[in-house]
Amino acid sequence: MATIKVTQTGSPIRREKDQRQTLIGLGLNKMHRTSELEDSPEVRGMIRKVRHMVSVEG
């Protein structure tokens with residue numbers, strides 16, 4: 001499977017609870033933390049939900 005690298009660039013402070021939970025689901029709960037995930041439609045949907053707080057490579 002192909003993988004993508006997701007890095008948290010924005011703070012979850014004053015964000016909706018579901019956006020904070022989505023970051024935790026992606027393995028990101030602190031600024032500048034990076035997580036490598038498999039490229040699947042589910043992961044792409046989670047990234048789309050918090051696209052203003054993450055950057056994606058690959």
# chains A, B, ... in the order shown; residues from 1 in each chain; ligands from 1

$ select_by_dssp --residues "chain A" --states "alpha helix (DSSP H)" --output "PyMOL selection string"
chain A and resi 17-25+41-49

$ residues_around --residues "region 37-44 of chain A" --least-positions-apart "4" --cutoff "7 Å" --atoms "only C-alpha atoms" --output "list in words"
Met1, Ala2, Thr3, Ile4, Lys5 and Arg48 of chain A

$ atom_distance --atom1 "CA of Pro12 (chain A)" --atom2 "CA of Arg51 (chain A)"
12.0 Å

$ closest_residue --among "A:Met53, A:Arg14, A:Ile47, A:Gly58" --to "Leu26 (chain A)" --atoms "only C-alpha atoms"
A:Ile47

$ residues_around --residues "Gly27 (chain A)" --least-positions-apart "3" --cutoff "12 Å" --atoms "only C-alpha atoms" --output "ChimeraX atom specification"
/A:5-8,20-24,30-37,43,46-47,54

$ select_by_dssp --residues "chain A" --states "strand (DSSP E)" --output "list in words"
Thr3, Ile4, Lys5, Val6, Thr7, Gln8, Thr34, Ser35, Glu36, Leu37, Glu38, Val54, Ser55, Val56 and Glu57 of chain A

$ write_last_selection --atoms "all heavy atoms" --output "mmCIF file, in the first residue's frame"
data_model
loop_
_atom_site.group_PDB
_atom_site.id
_atom_site.type_symbol
_atom_site.label_atom_id
_atom_site.label_comp_id
_atom_site.auth_asym_id
_atom_site.auth_seq_id
_atom_site.Cartn_x
_atom_site.Cartn_y
_atom_site.Cartn_z
ATOM 1 N N THR A 3 1.832 5.037 1.114
ATOM 2 C CA THR A 3 1.699 5.765 2.373
ATOM 3 C C THR A 3 1.788 7.256 2.105
ATOM 4 O O THR A 3 2.359 7.696 1.114
ATOM 5 C CB THR A 3 2.798 5.367 3.380
ATOM 6 O OG1 THR A 3 4.067 5.685 2.830
ATOM 7 C CG2 THR A 3 2.720 3.892 3.716
ATOM 8 N N ILE A 4 1.203 8.016 3.013
ATOM 9 C CA ILE A 4 1.288 9.470 2.962
ATOM 10 C C ILE A 4 1.771 9.968 4.313
ATOM 11 O O ILE A 4 1.525 9.341 5.342
ATOM 12 C CB ILE A 4 -0.055 10.129 2.592
ATOM 13 C CG1 ILE A 4 -1.170 9.656 3.505
ATOM 14 C CG2 ILE A 4 -0.411 9.865 1.170
ATOM 15 C CD1 ILE A 4 -2.489 10.328 3.247
ATOM 16 N N LYS A 5 2.480 11.065 4.296
ATOM 17 C CA LYS A 5 3.028 11.646 5.511
ATOM 18 C C LYS A 5 2.213 12.887 5.857
ATOM 19 O O LYS A 5 2.102 13.805 5.045
ATOM 20 C CB LYS A 5 4.493 12.010 5.295
ATOM 21 C CG LYS A 5 5.253 12.295 6.559
ATOM 22 C CD LYS A 5 6.691 12.629 6.264
ATOM 23 C CE LYS A 5 7.442 11.376 5.900
ATOM 24 N NZ LYS A 5 8.903 11.615 5.826
ATOM 25 N N VAL A 6 1.649 12.906 7.054
ATOM 26 C CA VAL A 6 0.792 14.007 7.490
ATOM 27 C C VAL A 6 1.463 14.698 8.674
ATOM 28 O O VAL A 6 1.867 14.037 9.632
ATOM 29 C CB VAL A 6 -0.600 13.481 7.908
ATOM 30 C CG1 VAL A 6 -1.509 14.621 8.291
ATOM 31 C CG2 VAL A 6 -1.216 12.653 6.807
ATOM 32 N N THR A 7 1.579 16.018 8.611
ATOM 33 C CA THR A 7 2.193 16.803 9.679
ATOM 34 C C THR A 7 1.193 17.837 10.173
ATOM 35 O O THR A 7 0.566 18.527 9.376
ATOM 36 C CB THR A 7 3.459 17.519 9.167
ATOM 37 O OG1 THR A 7 4.344 16.547 8.631
ATOM 38 C CG2 THR A 7 4.148 18.278 10.287
ATOM 39 N N GLN A 8 1.070 17.937 11.487
ATOM 40 C CA GLN A 8 0.159 18.921 12.066
ATOM 41 C C GLN A 8 0.828 20.288 12.050
ATOM 42 O O GLN A 8 1.928 20.459 12.571
ATOM 43 C CB GLN A 8 -0.217 18.536 13.489
ATOM 44 C CG GLN A 8 -1.211 19.489 14.116
ATOM 45 C CD GLN A 8 -1.658 19.063 15.492
ATOM 46 O OE1 GLN A 8 -1.471 17.925 15.874
ATOM 47 N NE2 GLN A 8 -2.236 19.976 16.224
ATOM 48 N N THR A 34 4.515 14.355 13.128
ATOM 49 C CA THR A 34 4.309 13.744 11.816
ATOM 50 C C THR A 34 3.889 12.295 11.985
ATOM 51 O O THR A 34 4.378 11.599 12.872
ATOM 52 C CB THR A 34 5.609 13.813 10.992
ATOM 53 O OG1 THR A 34 5.982 15.177 10.853
ATOM 54 C CG2 THR A 34 5.421 13.215 9.621
ATOM 55 N N SER A 35 2.998 11.865 11.123
ATOM 56 C CA SER A 35 2.496 10.503 11.147
ATOM 57 C C SER A 35 2.467 9.961 9.726
ATOM 58 O O SER A 35 2.068 10.657 8.800
ATOM 59 C CB SER A 35 1.093 10.491 11.757
ATOM 60 O OG SER A 35 0.597 9.190 11.830
ATOM 61 N N GLU A 36 2.920 8.716 9.550
ATOM 62 C CA GLU A 36 2.846 8.059 8.245
ATOM 63 C C GLU A 36 1.669 7.108 8.257
ATOM 64 O O GLU A 36 1.594 6.214 9.094
ATOM 65 C CB GLU A 36 4.139 7.295 7.948
ATOM 66 C CG GLU A 36 5.187 8.143 7.293
ATOM 67 C CD GLU A 36 6.276 7.326 6.652
ATOM 68 O OE1 GLU A 36 5.966 6.403 5.873
ATOM 69 O OE2 GLU A 36 7.433 7.618 6.953
ATOM 70 N N LEU A 37 0.753 7.300 7.319
ATOM 71 C CA LEU A 37 -0.469 6.517 7.266
ATOM 72 C C LEU A 37 -0.638 5.922 5.881
ATOM 73 O O LEU A 37 -0.126 6.456 4.903
ATOM 74 C CB LEU A 37 -1.671 7.407 7.591
ATOM 75 C CG LEU A 37 -1.603 8.160 8.918
ATOM 76 C CD1 LEU A 37 -2.614 9.280 8.928
ATOM 77 C CD2 LEU A 37 -1.842 7.210 10.053
ATOM 78 N N GLU A 38 -1.376 4.817 5.800
ATOM 79 C CA GLU A 38 -1.638 4.249 4.481
ATOM 80 C C GLU A 38 -2.643 5.124 3.749
ATOM 81 O O GLU A 38 -3.524 5.733 4.351
ATOM 82 C CB GLU A 38 -2.136 2.816 4.587
ATOM 83 C CG GLU A 38 -3.532 2.650 5.138
ATOM 84 C CD GLU A 38 -3.975 1.206 5.106
ATOM 85 O OE1 GLU A 38 -3.253 0.379 5.653
ATOM 86 O OE2 GLU A 38 -5.039 0.949 4.524
ATOM 87 N N VAL A 54 -3.322 20.679 8.860
ATOM 88 C CA VAL A 54 -2.303 19.687 8.531
ATOM 89 C C VAL A 54 -1.692 19.993 7.157
ATOM 90 O O VAL A 54 -2.278 20.697 6.340
ATOM 91 C CB VAL A 54 -2.881 18.247 8.504
ATOM 92 C CG1 VAL A 54 -3.393 17.847 9.871
ATOM 93 C CG2 VAL A 54 -3.956 18.081 7.459
ATOM 94 N N SER A 55 -0.500 19.443 6.927
ATOM 95 C CA SER A 55 0.096 19.455 5.602
ATOM 96 C C SER A 55 0.386 18.000 5.230
ATOM 97 O O SER A 55 0.701 17.181 6.088
ATOM 98 C CB SER A 55 1.387 20.287 5.585
ATOM 99 O OG SER A 55 2.363 19.712 6.406
ATOM 100 N N VAL A 56 0.255 17.708 3.934
ATOM 101 C CA VAL A 56 0.351 16.328 3.453
ATOM 102 C C VAL A 56 1.469 16.229 2.436
ATOM 103 O O VAL A 56 1.601 17.080 1.557
ATOM 104 C CB VAL A 56 -0.981 15.886 2.813
ATOM 105 C CG1 VAL A 56 -0.889 14.463 2.322
ATOM 106 C CG2 VAL A 56 -2.122 16.051 3.797
ATOM 107 N N GLU A 57 2.282 15.176 2.556
ATOM 108 C CA GLU A 57 3.342 14.875 1.587
ATOM 109 C C GLU A 57 3.121 13.477 1.052
ATOM 110 O O GLU A 57 2.761 12.582 1.798
ATOM 111 C CB GLU A 57 4.714 14.938 2.237
ATOM 112 C CG GLU A 57 5.095 16.274 2.817
ATOM 113 C CD GLU A 57 6.415 16.204 3.567
ATOM 114 O OE1 GLU A 57 7.220 15.317 3.242
ATOM 115 O OE2 GLU A 57 6.601 17.004 4.469
#
